[in-house]
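Notes for the one structure printed next.
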Amino acid sequence: MTTADSDTAATTEFGLAFELTPSDSARADAERDQILSDPGFGKHFTDHMVSIEWTLDEGWHEASVHPYGPLQLDPAASVLHYAQEIFEGMKAYRHADGSVWTFRPDANARRLQRSARRLALPELATEDFVESIRQLVRVDQAWVPSAPETSLYLRPFMIATESFLGVRAAQRVAYHVIASPAGAYFTGGVSPVSIWLTTTYARAGKGGTGAAKTGGNYAASLLPQQEAYANGCQQVLFLDSSESSYIEELGGMNVVLVYKDGTLVTPDSDSILEGITRDSILELAEARGHRVERRRVTLDEWRDGVANGDIVEVFACGTAAVVVPIAELKGEGLHIGSPAAEGGPLTMSLREELTDIQYGRRPDVHGWMTRLDA
């Protein structure tokens with residue numbers, strides 16, 4: 001396999017042919033090791049990136065791995081004016097034997113395809129999506145940290161690049177993958193989070209883009225997230241509209257309620273992003289014999305269930321934190337405490353099981369892991 005140390009560009013055959021152009025300014029081992037000792041999140045980036053071009057006439061073409069660097073966009077590029085953009089978030093994990101793996105990349109590929117359909121963007125084949133991740137990690141695998149609970153965060157994204165101010169779907173698109181080493185989300189053990197309920201702002205509306213992983217949804221969450229910070233909370237919870245009592249999701253995570261009979265309930269709506277971590281956690285729970293319900297959930301059900309003891313654990317889940325207990329839900333005139341603020345037994349055991357699979361500490365009986373470095 002061609003690496004960044006190669007003297008000339010090389011081509012790897014797959015669904016698409018990826019041409020590799022090694023960086024001539026890759027960070028030295030000492031500099032990279034210093035970064036990996038305390039990477040934070042999203043602050044440092046690896047030496048290379050992936051690019052694939054798409055046009056209406058040619059389809060997907062010009063797949064390449066090349067030095068990380070700025071993108072050149074015309075000021076009239078559609079993404080800048082009409083927000084035609086989607087992305088994914090996933091991780092590469094270093095196992096004890098030094099091998100590098102990722103978790104359910106096919107699920108990320110399918111979600112990107114669903115997002116593309118909603119944003120009128122072209123769909124990238126699953127095999128090409130997975131291979132784009134593999135190509136980048138192979139050349140930059142030295143950037144995958146090995147300390148406990150660390151990972152290489154992978155950010156595939158697609159943007160409309162056609163220079164055209166008419167309001168229609170772009171006929172020129174670019175797909176890229178960048179990678180950033182990520183430190184442990186919790187440095188001193190798993191910590192519960194406080195959640196702020198916004199009744200002023202809605203994340204997405206019925207028939208909107210809520211189920212797509214698109215930047216506009218996150219932009220809409222930033223102001224209420226500031227409101228959450230101002231009220232001493234780490235995350236914001238959205239209802240399905242500003243006049244509704246049905247809960248949806250947090251700014252970047254899904255919510256799960258655990259009932260005393262062992263049932264796990266998660267809100268269901270066509271404006272909720274289908275969380276891959278959430279679905280995996282629920283599948284693990286079902287394998288243990290727990291009943292799982294995906295349905296509409298009211299704020300009253302959460303409040304009353306905690307008050308009468310029917311709800312015994314509440315947690316949030318997502319790619320970055322995996323699983324985190326919810327300590328409390330606060331809002332204007334509202335406070336719902338948690339019956340297991342430090343993390344109930346089911347919450348914590350499901351988190352342990354999933355992270356053990358991701359880091360290769362227990363068998364992957366579900367076939368979720370894909371090796372990237374071989």
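Just remember, in the structure tokens the first chain shown is A, the second B, etc., residues are 1-based per chain, and ligands are 1-based in the order shown.
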Taking a cut-off of 7 Å and counting only C-alpha atoms, can you build a table that, for each residue of region 268-312 of chain A near region 233-254 of chain A, reports the nearest atom pair and how far apart they are in Å (one decimal), sorted by chain then residue number, as a tab-separated table?
residue	atom	partner	partner_atom	distance
A:Ile272	CA	A:Glu248	CA	6.4
A:Gly275	CA	A:Asn254	CA	6.7
A:Arg278	CA	A:Asn254	CA	6.6
A:Arg296	CA	A:Tyr246	CA	6.5
A:Val297	CA	A:Tyr246	CA	5.5
A:Thr298	CA	A:Tyr246	CA	4.3
A:Leu299	CA	A:Ser245	CA	5.6
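Non-sequential neighbours of Arg303 (chain A) (distance at most 10 Å, separation of 2 or more positions within a chain, only C-alpha atoms) are Thr298, Leu299, Asp300, Glu301, Gly305, Val306, Ala307, Asn308, Ile311, Leu329, Leu334, His335, Ile336, Gly337 and Ser338 of chain A.
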Limited to C-alpha atoms, could you put the picked residues into a file as an mmCIF file, in the first residue's frame?
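Once written, part.cif looks like this:
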data_model
loop_
_atom_site.group_PDB
_atom_site.id
_atom_site.type_symbol
_atom_site.label_atom_id
_atom_site.label_comp_id
_atom_site.auth_asym_id
_atom_site.auth_seq_id
_atom_site.Cartn_x
_atom_site.Cartn_y
_atom_site.Cartn_z
ATOM 1 C CA THR A 298 -44.121 14.497 26.028
ATOM 2 C CA LEU A 299 -42.363 16.684 28.535
ATOM 3 C CA ASP A 300 -45.081 15.731 31.043
ATOM 4 C CA GLU A 301 -44.242 12.046 30.618
ATOM 5 C CA GLY A 305 -42.231 9.515 35.259
ATOM 6 C CA VAL A 306 -39.324 10.816 37.338
ATOM 7 C CA ALA A 307 -41.684 12.081 40.050
ATOM 8 C CA ASN A 308 -43.550 8.777 40.480
ATOM 9 C CA ILE A 311 -38.406 6.541 35.011
ATOM 10 C CA LEU A 329 -33.502 19.239 32.885
ATOM 11 C CA LEU A 334 -39.117 23.906 35.142
ATOM 12 C CA HIS A 335 -36.768 21.588 36.963
ATOM 13 C CA ILE A 336 -36.686 17.809 36.535
ATOM 14 C CA GLY A 337 -34.016 16.053 38.509
ATOM 15 C CA SER A 338 -32.566 12.680 37.661
#
Option closest in space to Asp128 (chain A), from A:Val190, A:Leu16, A:Ala230, A:Met158 [counting only C-alpha atoms]: A:Leu16
Check which residues of region 75-122 of chain A sit at most 10 Å from region 159-169 of chain A using only C-alpha atoms, and return one row each with the closest pair of atoms and their distance in Å to one decimal, ordered by chain and rising number, as CSV.
residue,atom,partner,partner_atom,distance
A:Pro75,CA,A:Ser163,CA,7.5
A:Ala76,CA,A:Ser163,CA,4.7
A:Ala77,CA,A:Ser163,CA,4.3
A:Ser78,CA,A:Ala160,CA,5.4
A:Val79,CA,A:Ala160,CA,4.9
A:Leu80,CA,A:Ala160,CA,8.5
A:His81,CA,A:Leu165,CA,7.7
A:Tyr82,CA,A:Val167,CA,7.7
A:Ala83,CA,A:Ala160,CA,8.2
A:Gln84,CA,A:Ala160,CA,5.6
A:Glu85,CA,A:Ile159,CA,4.6
A:Ile86,CA,A:Ile159,CA,6.8
A:Phe87,CA,A:Ile159,CA,8.7
A:Leu119,CA,A:Ala169,CA,8.3
A:Ala120,CA,A:Ala169,CA,5.9
A:Leu121,CA,A:Ala169,CA,7.2
A:Pro122,CA,A:Ala169,CA,9.8
Selection export as a JSON list (two decimals), in the first residue's frame, atoms kept: C-alpha atoms:
[["chain", "number", "residue", "atom", "x", "y", "z"],
["A", 75, "PRO", "CA", -17.83, 33.77, -4.10],
["A", 76, "ALA", "CA", -20.96, 32.66, -5.97],
["A", 77, "ALA", "CA", -20.63, 28.99, -4.88],
["A", 78, "SER", "CA", -24.08, 27.65, -4.07],
["A", 79, "VAL", "CA", -23.09, 26.41, -0.61],
["A", 80, "LEU", "CA", -22.37, 29.98, 0.48],
["A", 81, "HIS", "CA", -25.79, 31.27, -0.53],
["A", 82, "TYR", "CA", -28.24, 28.38, -0.19],
["A", 83, "ALA", "CA", -26.55, 26.16, 2.43],
["A", 84, "GLN", "CA", -26.54, 23.09, 0.21],
["A", 85, "GLU", "CA", -24.26, 21.10, 2.51],
["A", 86, "ILE", "CA", -24.24, 17.83, 4.47],
["A", 87, "PHE", "CA", -21.73, 16.02, 6.65],
["A", 119, "LEU", "CA", -30.67, 18.49, 0.27],
["A", 120, "ALA", "CA", -30.90, 17.70, -3.48],
["A", 121, "LEU", "CA", -27.26, 16.58, -3.58],
["A", 122, "PRO", "CA", -25.85, 13.54, -5.40]]
In Å and to one decimal, CA of Leu372 (chain A) is distant from CA of Tyr359 (chain A) by 13.4 Å
Å distance separating CA of Phe18 (chain A) from CA of Ala63 (chain A), one decimal place: 4.8 Å
Just give me the gap between CA of His66 (chain A) and CA of Ala174 (chain A) in Å, one decimal is fine. 14.3 Å
Per residue of region 165-254 of chain A within 7 Å of region 145-152 of chain A, record the nearest atom pair and its distance in Å to one decimal, counting only C-alpha atoms, with rows in chain order and ascending residue number, as a tab-separated table.
residue	atom	partner	partner_atom	distance
A:Ala179	CA	A:Leu152	CA	6.5
A:Ser180	CA	A:Leu152	CA	5.7
A:Pro181	CA	A:Leu152	CA	4.3
A:Ala182	CA	A:Ser151	CA	5.3
A:Gly183	CA	A:Thr150	CA	4.7
A:Ala184	CA	A:Thr150	CA	4.9
File dump, residues just selected, C-alpha atoms, as a tab-separated table (two decimals), in the first residue's frame:
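Result file out.tsv:
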chain	number	residue	atom	x	y	z
A	179	ALA	CA	-9.57	14.04	10.17
A	180	SER	CA	-8.75	15.41	13.60
A	181	PRO	CA	-7.29	13.57	16.62
A	182	ALA	CA	-9.69	13.67	19.57
A	183	GLY	CA	-8.87	13.39	23.24
A	184	ALA	CA	-11.01	11.59	25.77
Can you pull out the residues contacting Val323 (chain A)? Cut-off 6 Å, using only C-alpha atoms, and skip same-chain residues under 3 positions away; I want them as a ChimeraX atom specification. /A:316-317,351
Tell me, which residues of region 48-158 of chain A carry DSSP helix (DSSP H, G or I), written as a ChimeraX atom specification? /A:78-82,105-118,126-139,141-143
Select from region 285-372 of chain A everything DSSP, run on the backbone, classes as strand (DSSP E), then give the selection as a JSON list (two decimals) with all heavy atoms, in the first residue's frame.
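Ended up saving to selection.json:
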[["chain", "number", "residue", "atom", "x", "y", "z"],
["A", 292, "VAL", "N", -37.66, -1.98, 23.66],
["A", 292, "VAL", "CA", -37.29, -0.66, 23.17],
["A", 292, "VAL", "C", -38.49, -0.05, 22.45],
["A", 292, "VAL", "O", -39.12, -0.71, 21.63],
["A", 292, "VAL", "CB", -36.07, -0.73, 22.22],
["A", 292, "VAL", "CG1", -35.87, 0.58, 21.49],
["A", 292, "VAL", "CG2", -34.82, -1.11, 23.00],
["A", 293, "GLU", "N", -38.79, 1.19, 22.76],
["A", 293, "GLU", "CA", -39.89, 1.90, 22.10],
["A", 293, "GLU", "C", -39.37, 3.19, 21.48],
["A", 293, "GLU", "O", -38.71, 3.99, 22.16],
["A", 293, "GLU", "CB", -41.00, 2.23, 23.11],
["A", 293, "GLU", "CG", -41.67, 1.01, 23.71],
["A", 293, "GLU", "CD", -42.76, 1.39, 24.71],
["A", 293, "GLU", "OE1", -43.03, 2.61, 24.87],
["A", 293, "GLU", "OE2", -43.33, 0.47, 25.34],
["A", 294, "ARG", "N", -39.64, 3.37, 20.21],
["A", 294, "ARG", "CA", -39.37, 4.62, 19.51],
["A", 294, "ARG", "C", -40.71, 5.27, 19.23],
["A", 294, "ARG", "O", -41.47, 4.82, 18.38],
["A", 294, "ARG", "CB", -38.62, 4.36, 18.19],
["A", 294, "ARG", "CG", -37.22, 3.76, 18.38],
["A", 294, "ARG", "CD", -36.65, 3.35, 17.03],
["A", 294, "ARG", "NE", -35.27, 2.90, 17.11],
["A", 294, "ARG", "CZ", -34.89, 1.66, 17.44],
["A", 294, "ARG", "NH1", -35.80, 0.76, 17.73],
["A", 294, "ARG", "NH2", -33.60, 1.36, 17.48],
["A", 295, "ARG", "N", -41.03, 6.31, 19.97],
["A", 295, "ARG", "CA", -42.36, 6.93, 19.88],
["A", 295, "ARG", "C", -42.29, 8.37, 20.35],
["A", 295, "ARG", "O", -41.27, 8.84, 20.86],
["A", 295, "ARG", "CB", -43.36, 6.15, 20.73],
["A", 295, "ARG", "CG", -43.00, 6.05, 22.21],
["A", 295, "ARG", "CD", -44.13, 5.40, 22.99],
["A", 295, "ARG", "NE", -43.78, 5.13, 24.37],
["A", 295, "ARG", "CZ", -43.79, 6.04, 25.36],
["A", 295, "ARG", "NH1", -44.10, 7.30, 25.10],
["A", 295, "ARG", "NH2", -43.49, 5.69, 26.61],
["A", 311, "ILE", "N", -39.65, 6.33, 35.75],
["A", 311, "ILE", "CA", -38.41, 6.54, 35.01],
["A", 311, "ILE", "C", -37.26, 6.50, 36.01],
["A", 311, "ILE", "O", -37.21, 7.29, 36.97],
["A", 311, "ILE", "CB", -38.43, 7.88, 34.25],
["A", 311, "ILE", "CG1", -39.51, 7.85, 33.16],
["A", 311, "ILE", "CG2", -37.07, 8.17, 33.63],
["A", 311, "ILE", "CD1", -39.70, 9.18, 32.43],
["A", 312, "VAL", "N", -36.31, 5.60, 35.77],
["A", 312, "VAL", "CA", -35.23, 5.39, 36.74],
["A", 312, "VAL", "C", -33.86, 5.87, 36.24],
["A", 312, "VAL", "O", -32.94, 6.03, 37.04],
["A", 312, "VAL", "CB", -35.15, 3.90, 37.15],
["A", 312, "VAL", "CG1", -36.41, 3.50, 37.91],
["A", 312, "VAL", "CG2", -34.95, 3.00, 35.92],
["A", 313, "GLU", "N", -33.72, 6.07, 34.92],
["A", 313, "GLU", "CA", -32.47, 6.57, 34.36],
["A", 313, "GLU", "C", -32.80, 7.41, 33.13],
["A", 313, "GLU", "O", -33.76, 7.11, 32.41],
["A", 313, "GLU", "CB", -31.51, 5.44, 33.95],
["A", 313, "GLU", "CG", -31.11, 4.50, 35.08],
["A", 313, "GLU", "CD", -30.22, 3.35, 34.61],
["A", 313, "GLU", "OE1", -29.38, 3.59, 33.71],
["A", 313, "GLU", "OE2", -30.37, 2.23, 35.14],
["A", 314, "VAL", "N", -31.99, 8.43, 32.87],
["A", 314, "VAL", "CA", -32.12, 9.24, 31.66],
["A", 314, "VAL", "C", -30.71, 9.50, 31.15],
["A", 314, "VAL", "O", -29.83, 9.90, 31.92],
["A", 314, "VAL", "CB", -32.83, 10.58, 31.92],
["A", 314, "VAL", "CG1", -33.04, 11.34, 30.61],
["A", 314, "VAL", "CG2", -34.16, 10.38, 32.64],
["A", 315, "PHE", "N", -30.50, 9.27, 29.85],
["A", 315, "PHE", "CA", -29.17, 9.55, 29.30],
["A", 315, "PHE", "C", -29.27, 10.10, 27.89],
["A", 315, "PHE", "O", -30.30, 10.01, 27.22],
["A", 315, "PHE", "CB", -28.28, 8.30, 29.35],
["A", 315, "PHE", "CG", -28.71, 7.13, 28.49],
["A", 315, "PHE", "CD1", -28.35, 7.05, 27.14],
["A", 315, "PHE", "CD2", -29.45, 6.09, 29.04],
["A", 315, "PHE", "CE1", -28.72, 5.96, 26.36],
["A", 315, "PHE", "CE2", -29.82, 4.99, 28.28],
["A", 315, "PHE", "CZ", -29.46, 4.93, 26.93],
["A", 316, "ALA", "N", -28.16, 10.69, 27.44],
["A", 316, "ALA", "CA", -28.02, 11.20, 26.09],
["A", 316, "ALA", "C", -26.92, 10.40, 25.41],
["A", 316, "ALA", "O", -26.02, 9.87, 26.08],
["A", 316, "ALA", "CB", -27.68, 12.68, 26.09],
["A", 317, "CYS", "N", -26.96, 10.32, 24.09],
["A", 317, "CYS", "CA", -25.94, 9.55, 23.39],
["A", 317, "CYS", "C", -25.65, 10.18, 22.03],
["A", 317, "CYS", "O", -26.52, 10.77, 21.40],
["A", 317, "CYS", "CB", -26.37, 8.09, 23.22],
["A", 317, "CYS", "SG", -28.02, 7.83, 22.58],
["A", 318, "GLY", "N", -24.39, 10.05, 21.61],
["A", 318, "GLY", "CA", -23.94, 10.58, 20.33],
["A", 318, "GLY", "C", -22.51, 10.17, 20.08],
["A", 318, "GLY", "O", -21.85, 9.56, 20.93],
["A", 322, "VAL", "N", -20.47, 9.35, 23.34],
["A", 322, "VAL", "CA", -21.00, 7.97, 23.34],
["A", 322, "VAL", "C", -22.27, 7.94, 24.17],
["A", 322, "VAL", "O", -23.37, 7.99, 23.63],
["A", 322, "VAL", "CB", -19.97, 6.93, 23.83],
["A", 322, "VAL", "CG1", -20.53, 5.51, 23.63],
["A", 322, "VAL", "CG2", -18.65, 7.09, 23.09],
["A", 323, "VAL", "N", -22.16, 7.84, 25.49],
["A", 323, "VAL", "CA", -23.32, 7.86, 26.39],
["A", 323, "VAL", "C", -22.97, 8.74, 27.58],
["A", 323, "VAL", "O", -21.89, 8.63, 28.15],
["A", 323, "VAL", "CB", -23.69, 6.44, 26.88],
["A", 323, "VAL", "CG1", -24.76, 6.52, 27.97],
["A", 323, "VAL", "CG2", -24.19, 5.58, 25.73],
["A", 324, "VAL", "N", -23.88, 9.62, 27.95],
["A", 324, "VAL", "CA", -23.65, 10.50, 29.09],
["A", 324, "VAL", "C", -24.95, 10.62, 29.90],
["A", 324, "VAL", "O", -26.03, 10.82, 29.34],
["A", 324, "VAL", "CB", -23.16, 11.90, 28.63],
["A", 324, "VAL", "CG1", -24.12, 12.52, 27.64],
["A", 324, "VAL", "CG2", -22.95, 12.81, 29.82],
["A", 325, "PRO", "N", -24.88, 10.42, 31.22],
["A", 325, "PRO", "CA", -26.08, 10.57, 32.05],
["A", 325, "PRO", "C", -26.57, 12.01, 32.05],
["A", 325, "PRO", "O", -25.78, 12.96, 31.99],
["A", 325, "PRO", "CB", -25.60, 10.17, 33.46],
["A", 325, "PRO", "CG", -24.27, 9.50, 33.26],
["A", 325, "PRO", "CD", -23.69, 10.06, 32.01],
["A", 326, "ILE", "N", -27.87, 12.18, 32.11],
["A", 326, "ILE", "CA", -28.47, 13.51, 32.25],
["A", 326, "ILE", "C", -28.78, 13.73, 33.72],
["A", 326, "ILE", "O", -29.55, 12.98, 34.33],
["A", 326, "ILE", "CB", -29.73, 13.65, 31.38],
["A", 326, "ILE", "CG1", -29.35, 13.59, 29.89],
["A", 326, "ILE", "CG2", -30.48, 14.95, 31.70],
["A", 326, "ILE", "CD1", -30.53, 13.65, 28.94],
["A", 327, "ALA", "N", -28.17, 14.76, 34.30],
["A", 327, "ALA", "CA", -28.34, 15.03, 35.73],
["A", 327, "ALA", "C", -29.64, 15.77, 36.02],
["A", 327, "ALA", "O", -30.28, 15.53, 37.05],
["A", 327, "ALA", "CB", -27.15, 15.86, 36.24],
["A", 328, "GLU", "N", -30.03, 16.68, 35.12],
["A", 328, "GLU", "CA", -31.22, 17.46, 35.34],
["A", 328, "GLU", "C", -31.66, 18.12, 34.04],
["A", 328, "GLU", "O", -30.86, 18.33, 33.13],
["A", 328, "GLU", "CB", -30.97, 18.55, 36.39],
["A", 328, "GLU", "CG", -29.87, 19.52, 36.00],
["A", 328, "GLU", "CD", -29.60, 20.58, 37.04],
["A", 328, "GLU", "OE1", -30.44, 20.75, 37.95],
["A", 328, "GLU", "OE2", -28.56, 21.27, 36.94],
["A", 329, "LEU", "N", -32.94, 18.45, 33.98],
["A", 329, "LEU", "CA", -33.50, 19.24, 32.88],
["A", 329, "LEU", "C", -34.06, 20.51, 33.49],
["A", 329, "LEU", "O", -34.90, 20.46, 34.40],
["A", 329, "LEU", "CB", -34.60, 18.47, 32.15],
["A", 329, "LEU", "CG", -35.34, 19.22, 31.06],
["A", 329, "LEU", "CD1", -34.40, 19.58, 29.92],
["A", 329, "LEU", "CD2", -36.52, 18.40, 30.52],
["A", 330, "LYS", "N", -33.58, 21.65, 33.01],
["A", 330, "LYS", "CA", -34.01, 22.94, 33.53],
["A", 330, "LYS", "C", -34.66, 23.76, 32.42],
["A", 330, "LYS", "O", -34.37, 23.57, 31.25],
["A", 330, "LYS", "CB", -32.79, 23.72, 34.09],
["A", 330, "LYS", "CG", -32.10, 23.04, 35.23],
["A", 330, "LYS", "CD", -30.71, 23.62, 35.47],
["A", 330, "LYS", "CE", -30.71, 25.10, 35.74],
["A", 330, "LYS", "NZ", -29.33, 25.61, 36.04],
["A", 331, "GLY", "N", -35.53, 24.67, 32.82],
["A", 331, "GLY", "CA", -36.16, 25.58, 31.87],
["A", 331, "GLY", "C", -36.86, 26.68, 32.64],
["A", 331, "GLY", "O", -36.82, 26.71, 33.87],
["A", 334, "LEU", "N", -39.17, 25.37, 35.23],
["A", 334, "LEU", "CA", -39.12, 23.91, 35.14],
["A", 334, "LEU", "C", -37.83, 23.39, 35.75],
["A", 334, "LEU", "O", -36.75, 23.93, 35.52],
["A", 334, "LEU", "CB", -39.20, 23.47, 33.68],
["A", 334, "LEU", "CG", -38.96, 21.98, 33.39],
["A", 334, "LEU", "CD1", -40.18, 21.17, 33.84],
["A", 334, "LEU", "CD2", -38.66, 21.75, 31.91],
["A", 335, "HIS", "N", -37.95, 22.33, 36.51],
["A", 335, "HIS", "CA", -36.77, 21.59, 36.96],
["A", 335, "HIS", "C", -37.16, 20.13, 37.14],
["A", 335, "HIS", "O", -38.05, 19.81, 37.92],
["A", 335, "HIS", "CB", -36.19, 22.13, 38.27],
["A", 335, "HIS", "CG", -34.93, 21.42, 38.67],
["A", 335, "HIS", "ND1", -34.94, 20.29, 39.47],
["A", 335, "HIS", "CD2", -33.64, 21.65, 38.34],
["A", 335, "HIS", "CE1", -33.69, 19.87, 39.64],
["A", 335, "HIS", "NE2", -32.88, 20.68, 38.95],
["A", 336, "ILE", "N", -36.49, 19.25, 36.40],
["A", 336, "ILE", "CA", -36.69, 17.81, 36.54],
["A", 336, "ILE", "C", -35.34, 17.22, 36.90],
["A", 336, "ILE", "O", -34.39, 17.28, 36.12],
["A", 336, "ILE", "CB", -37.20, 17.16, 35.23],
["A", 336, "ILE", "CG1", -38.50, 17.84, 34.78],
["A", 336, "ILE", "CG2", -37.40, 15.67, 35.43],
["A", 336, "ILE", "CD1", -39.00, 17.34, 33.43],
["A", 337, "GLY", "N", -35.25, 16.69, 38.09],
["A", 337, "GLY", "CA", -34.02, 16.05, 38.51],
["A", 337, "GLY", "C", -33.88, 14.67, 37.90],
["A", 337, "GLY", "O", -34.76, 14.20, 37.17],
["A", 369, "MET", "N", -17.61, -3.47, 13.28],
["A", 369, "MET", "CA", -16.30, -2.84, 13.11],
["A", 369, "MET", "C", -15.70, -3.15, 11.74],
["A", 369, "MET", "O", -15.83, -4.27, 11.24],
["A", 369, "MET", "CB", -15.34, -3.29, 14.21],
["A", 369, "MET", "CG", -15.84, -3.03, 15.63],
["A", 369, "MET", "SD", -16.20, -1.28, 15.97],
["A", 369, "MET", "CE", -14.55, -0.58, 15.86],
["A", 370, "THR", "N", -15.05, -2.15, 11.16],
["A", 370, "THR", "CA", -14.38, -2.30, 9.87],
["A", 370, "THR", "C", -12.92, -1.87, 10.04],
["A", 370, "THR", "O", -12.65, -0.76, 10.51],
["A", 370, "THR", "CB", -15.03, -1.43, 8.79],
["A", 370, "THR", "OG1", -16.37, -1.89, 8.55],
["A", 370, "THR", "CG2", -14.26, -1.47, 7.48],
["A", 371, "ARG", "N", -12.00, -2.76, 9.63],
["A", 371, "ARG", "CA", -10.58, -2.42, 9.76],
["A", 371, "ARG", "C", -10.16, -1.46, 8.64],
["A", 371, "ARG", "O", -10.57, -1.62, 7.48],
["A", 371, "ARG", "CB", -9.71, -3.67, 9.74],
["A", 371, "ARG", "CG", -8.25, -3.38, 10.03],
["A", 371, "ARG", "CD", -7.44, -4.62, 10.33],
["A", 371, "ARG", "NE", -6.06, -4.27, 10.64],
["A", 371, "ARG", "CZ", -5.14, -5.13, 11.03],
["A", 371, "ARG", "NH1", -5.46, -6.42, 11.16],
["A", 371, "ARG", "NH2", -3.92, -4.73, 11.31]]
Just the residues within 7 Å of Leu112 (chain A), please, counting only C-alpha atoms, with nothing from its chain fewer than 3 positions along; format it as a compact mmCIF listing (two decimals) with all heavy atoms, in the first residue's frame.
# COMPACT_ATOMS: atom_id res chain seq x y z
N PHE A 87 -22.97 16.57 6.10
CA PHE A 87 -21.73 16.02 6.65
C PHE A 87 -22.03 14.80 7.50
O PHE A 87 -23.18 14.47 7.78
CB PHE A 87 -20.96 17.08 7.44
CG PHE A 87 -21.63 17.53 8.72
CD1 PHE A 87 -21.27 16.98 9.94
CD2 PHE A 87 -22.59 18.53 8.70
CE1 PHE A 87 -21.88 17.40 11.12
CE2 PHE A 87 -23.20 18.96 9.87
CZ PHE A 87 -22.84 18.40 11.09
N GLU A 88 -20.97 14.12 7.92
CA GLU A 88 -21.05 12.99 8.83
C GLU A 88 -20.00 13.15 9.91
O GLU A 88 -19.06 13.95 9.79
CB GLU A 88 -20.86 11.66 8.10
CG GLU A 88 -22.13 11.10 7.48
CD GLU A 88 -23.20 10.81 8.52
OE1 GLU A 88 -22.86 10.29 9.61
OE2 GLU A 88 -24.38 11.09 8.24
N ASN A 108 -23.11 5.19 8.45
CA ASN A 108 -22.83 6.59 8.13
C ASN A 108 -23.03 6.88 6.65
O ASN A 108 -23.55 7.93 6.26
CB ASN A 108 -21.40 6.95 8.52
CG ASN A 108 -21.19 7.03 10.02
OD1 ASN A 108 -20.73 6.07 10.62
ND2 ASN A 108 -21.53 8.14 10.63
N ALA A 109 -22.61 5.92 5.80
CA ALA A 109 -22.78 6.10 4.36
C ALA A 109 -24.25 6.21 3.99
O ALA A 109 -24.64 7.08 3.20
CB ALA A 109 -22.13 4.93 3.62
N SER A 115 -29.33 12.16 3.72
CA SER A 115 -29.15 13.61 3.81
C SER A 115 -29.01 14.22 2.42
O SER A 115 -29.57 15.29 2.14
CB SER A 115 -27.92 13.94 4.64
OG SER A 115 -28.05 13.51 5.99
N ALA A 116 -28.27 13.54 1.54
CA ALA A 116 -28.08 14.04 0.18
C ALA A 116 -29.41 14.15 -0.55
O ALA A 116 -29.68 15.15 -1.24
CB ALA A 116 -27.12 13.13 -0.58
Surrounding residues of Arg361 (chain A) excluding itself and chain neighbours under 4 positions, 10 Å, only C-alpha atoms, as number ranges by chain: A: 95-96, 352-357
Write out as a PyMOL selection string which residues come within 8 Å of Asp24 (chain A) when counting only C-alpha atoms, dropping same-chain ones fewer than 2 positions away. chain A and resi 22+26+67
Restrict the selected residues to N, CA, C and O atoms and save them as a PDB file, in the first residue's frame.
ATOM      1  N   PRO A  22       1.302  12.538  -1.875  1.00  0.00           N
ATOM      2  CA  PRO A  22       1.785  12.695  -0.500  1.00  0.00           C
ATOM      3  C   PRO A  22       2.152  14.143  -0.186  1.00  0.00           C
ATOM      4  O   PRO A  22       2.628  14.888  -1.053  1.00  0.00           O
ATOM      5  N   ALA A  26       4.451  17.215   5.750  1.00  0.00           N
ATOM      6  CA  ALA A  26       3.846  16.462   6.847  1.00  0.00           C
ATOM      7  C   ALA A  26       4.573  16.777   8.154  1.00  0.00           C
ATOM      8  O   ALA A  26       5.795  16.987   8.174  1.00  0.00           O
ATOM      9  N   PRO A  67      -2.515  16.650   0.114  1.00  0.00           N
ATOM     10  CA  PRO A  67      -2.188  17.411   1.322  1.00  0.00           C
ATOM     11  C   PRO A  67      -3.381  18.223   1.828  1.00  0.00           C
ATOM     12  O   PRO A  67      -4.121  18.825   1.048  1.00  0.00           O
TER      13      PRO A  67
END
